[in-house]
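Written below as C-alpha cells is the structure these notes are about.
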Amino acid sequence: MGSIRFDSVNKVFGGVKALDDINLEIAEKEFVAIVGPSGCGKTTCLRIVAGFETPTSGIVSVNGKRVTAPGPDRAVVFQQFVLFPWKTVRQNIDLGLRNKNFAGDERERLIRSVLDLMNLESYADAFPHQLSGGMQQRVAIARAYVLDPEVLLMDEPFGALDAQTRVLMQEELVRLSRVNPRTVLFITHSVEEAVYLADRVAIMTRRPGRIKEVLDIKTVRNEERWNRFQRIEDVMDLDSFIHLRTHVWKSLREEKREDRQ
Amino acid sequence: MSGRPLSLGETIAWGLAGLILFLGIWTTLSISGLVPRQFLPTPLGVITRFVQLLTTPFAGATLPQHLASSFQRYLSGMMLAALVGVPLGLLMGWFRLLDDILSPIFEGLRFIAPIAWVPFAALWFGTGIGGPVMIIFAGAFPPCLINAYRGARFVDPRLIEASQMLGTGHLRTILEVLLPASIPSIVAGLRVAAGLGWQSLVGAELIVAAAGVGFMMVQAQANVSTPTVMTGMIAIGIAGMLIDVLLRYGEALILRRRGLVV
Amino acid sequence: MSGHRRIWAGWATLAGLVLFWFGLTTWTGIVSAGRFPSPAAFWLSLVQIMTRGYAGGQLVTHAWHSLELVAMGFLVAIATGVPLGLWIGWSRRAEAAINPVFLIIRPIPPLAWIPLAILWLGLGDAAKIMVIWFAAFVPSVINTFSGVRTIERPVIEAAQMLGTPLWRFVIEILSPAAAPMIFTGMRLSLQAAWTTLVAAELVGALVGVGVVLNVAQQDIYPGMILVGMLTVGVLGFATTWLLSRVEHRVLAWNVAAKD
C-alpha cells in the first residue's frame with residue numbers, strides 16, 4: 001500500500017501555467033521531498049495529491065487509484081498546523097478516527113499510543129491555544145499519523161516554527177520514520193531540511209513549475225551511515241551531506257540565473 | 001467556501017428564481033384566499049396602493065408629505081445627536097476626569113432601549129416635533145458619542161506628543177489633532193447612528209405623532225388597510241436604504257481623501 | 001489598574017448623581033415634580049407597583065411577561081436565523097437565491113413591522129413574538145453568514161482531509177468556527193428584541209413593562225415612568241449579562257474572547 005504517481009500532470013491557474021508536465025513516482029514507504037523557490041508550484045503538487053485541487057490535465061494516483069477528492073487515506077500536515085481551536089488535543093486527534101467509524105475503546109487505545117509516540121500525554125485535554133507552535137505541530141502530526149494513512153503529505157510543516165524548535169522537530173521526524181515508516185511527500189524550501197530528511201529530493205524550477213532533477217540521497221545515507229548520529233548538526237558536518245547539499249544549492253542557483261535572463 | 005464563486009449569469013438566475021418563488025408564494029397565498037385578501041394583498045395590489053398614495057392623501061396627507069414631515073424630524077434629531085455627541089465624545093477622549101464621570105452614566109443608559117424614552121419625551125416636549133426628535137436623539141446619540149470617544153482615545157500617541165512638543169494648547173490640540181484624526185471613526189459612528197435614528201423615528205411616529213409615515217401606518221392599521229401599511233413599510237425601507245447609500249458614499253469619499261482606501 | 005479606577009469612578013458618579021437628583025428636585029425644586037420625579041416620589045411609585053400593582057399587575061408580573069416574550073422571540077429568531085446563515089454562508093447558490101429577497105426585507109426597520117403584526121395577529125402575545133422574531137432574525141442571519149464566510153480555507157480542508165461527513169462537519173466544524181460571529185449577532189439580536197418589544201407594548205398590549213410606561217404616560221405620572229424605564233434597563237442588562245456568561249462558557253477555547 002501507499003505509492004504516489006504523477007503522470008504528465010499540468011495545472012493552469014487563470015491562464016498562467018503553474019505545473020508543466022510533472023512526472024514523479026514515489027514508492028511505498030519512500031520519503032520524497034520537493035524543494036524549489038517560492039511560487040514554483042511545489043505546494044500545488046501536494047494539494048493535488050490531497051485532492052484539494054484537480055490537475056488541468058494528467059493523472060495523479062495513489063496506490064493505483066486516481067485521486068478525485070480529499071480523504072483520510074491521504075493525511076495532510078499543514079504549515080499553519082490548522083488544529084481546530086474549539087477541540088482539545090484529544091478531540092482533534094479523535095475526529096478522523098470517528099469519521100472512520102472506529103469503536104470507542106479502539107479509538108482510545110490508538111489515541112493513547114499516538115500521544116505517547118509524540119510525547120503529548122500530559123497535554124491530551126489542552127486546547128491548541130495553550131500550546132506552543134512546536135507542540136501544536138506535534139498534535140497535527142499525531143492527528144495525521146493516527147489514521148494510519150497510506151501516504152502522509154507534509155506542506156512545509158516546520159516553516160512556521162522558530163529555528164531551535166524546527167531542528168528538534170526534524171530529528172523527531174527522522175526518529176518517527178524509523179519506528180514507523182510511511183510514504184511521505186514533503187514540501188520545503190529548505191535545502192538542508194530536504195537532504196536531511198528525504199530518501200530522494202526533487203528539485204523544481206519556477207514558471208512554469210517543472211521537475212528539473214531528482215537526487216538520490218538514500219544510497220549515500222546508507223553508505224555513509226548517517227543513522228549513527230542522533231543530532232542534525234553531526235550529520236550536517238559530514239562531507240557526504242555537504243556534498244549533496246551543495247549540489248542541490250547549485251542546481252537551484254542555476255535556476256535563479258536562468259530566471260534572471 | 002463550498003466551491004468557487006458563481007458566474008454573474010448563475011447569480012442572476014438563482015436570484016431571479018428566489019425572487020419568483022418569494023413573490024409566487026405571496027401571490028398564491030393571497031389569491032387562493034388561504035390568507036384573507038384583506039390581510040394579505042397581492043404584491044401588485046401593494047404597488048398599486050403605493051402609486052395611489054403618491055397623490056391621494058391618507059391620514060391627512062399624501063405619502064410624499066408624510067415622508068417630508070418624517071424627514072424634518074429625523075434631520076433635527078440627527079443634527080442634535082451629532083452636535084452634542086461628537087464634541088462630548090472628543091472631550092471625554094481628551095479629559096480623563098470627564099471620562100471617569102460620564103462613562104458610567106452612559107454605560108448604564110446603554111441598556112435602556114431608546115424607545116423607552118417615549119413617555120418622558122412626550123411629557124417634556126409634546127407629541128408634535130419635540131417628542132419624536134428627542135427619541136431620535138436617544139437612538140442616534142450613543143454611536144455618535146462612542147465613536148468620537150474611541151477615535152479620540154485611540155489617536156496615535158505620537159501625533160499628540162508631536163503637537164505637545166510644538167507647544168499646542170488643549171483647545172487647539174482637540175480641534176486640529178484629535179478631531180481630524182478621529183474623523184474616520186466619527187463618520188463610521190454617524191452611519192450607525194443614522195440607521196438607529198431612522199429606526200427610532202419609526203417607533204416614535206408609531207406611538208406619539210400626528211403626522212409622518214409611522215403615523216400613516218398606525219392609522220392604516222386601525223382602518224384595516226393592509227396595502228397602506230405595507231406601502232408605509234416599503235417607503236420606510238427605501239428611504240432608510242437611500243440614507244445608508246448616501247452616507248456610505250460620503251464615508252468612502254472622506255476615507256479616500258485621507259488615503260485610507262485605494 | 002484601570003479596572004479599579006473605573007469601578008471607583010462608577011460608584012463616585014452614582015453617588016454624585018443621586019445628590020444631584022436630590023438637589024434639583026427635593027432641595028431646590030428647580031425641576032418641577034410634574035416633569036421629573038423626586039427620589040421620594042420615585043420610591044413611592046416603586047413601592048406602589050411592587051405591592052399594590054399598577055397598570056393591571058405588580059412589577060414582577062409585568063417584568064416576567066416581557067421577559068418571556070423576549071426570550072421566546074429571541075429563541076425562535078436564533079433557531080431560524082443561525083441555520084439560514086450557515087446555509088447561505090456555505091452554499092453560494094443558496095446565497096444567490098436568497099440574497100435579493102433579503103435585500104428587500106432587510107432595510108425595513110423591525111419596528112415598522114409592528115402595525116402589520118397587529119393587523120395579522122392582534123394585540124396579544126403572538127404579534128409581539130412575531131415582531132421580536134423579525135427584529136432579532138436579521139442580525140443573527142447576517143452575522144452567522146459572515147462568520148461562515150470568514151472561516152479560513154485550511155480549516156475546511158483539514159476537515160475534508162479527515163473525511164468528515166456533512167452533518168458532523170456542520171455541527172463540529174462550521175458552527176464552532178462561526179460561533180464568535182454568531183454570538184456577536186446574538187448580542188445585536190437581543191438588543192433589537194428589547195427595543196422592539198418595548199415599542200410593540202407601547203403601541204398596544206395588556207401586560208408588560210411597555211404597558212407600565214404607556215399607562216404612566218397617560219396618567220402623567222413621572223415617578224412610574226422612571227420605574228418603567230429603569231425596569232427596561234435592568235432587564236436589558238440582566239439578559240445581556242446572561243448571554244455574555246453563556247458566550248464565555250461556549251467560547252472558552254477562543255483566545256480573543258478571553259480578554
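The way I read the labels, and the way they are meant: chains A, B, ... in the order of the C-alpha cells, residue 1 as the first residue of every chain, and ligand 1 as the first ligand shown, with later ones counted on from there.
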Using only C-alpha atoms, which chain A residues lie at most 9 Å away from chain C, written as a PyMOL selection string? chain A and resi 50-52+69-78+80+82-88+95-100+127-129+143-144+147
For chain B, report every residue with an atom at most 6 Å from chain C (counting only C-alpha atoms), formatted as JSON, numbers by chain. {"B": [1, 2, 11, 14, 15, 18, 19, 100, 101, 104, 111, 112, 113, 116, 119, 199, 203, 207, 221, 233, 237, 241]}
To one decimal in Å, tell me the separation between CA of Val220 (chain A) and CA of Val35 (chain A). 18.7 Å
Residues near Leu175 (chain B), anyone? I mean within 12 Å using only C-alpha atoms, not counting same-chain ones fewer than 3 positions away, as a ChimeraX atom specification. /B:86-87,90-91,94,152,160,163,168-172,178-183
In Å, how far is it from CA of Arg150 (chain B) to CA of Arg248 (chain B)? 20.0 Å
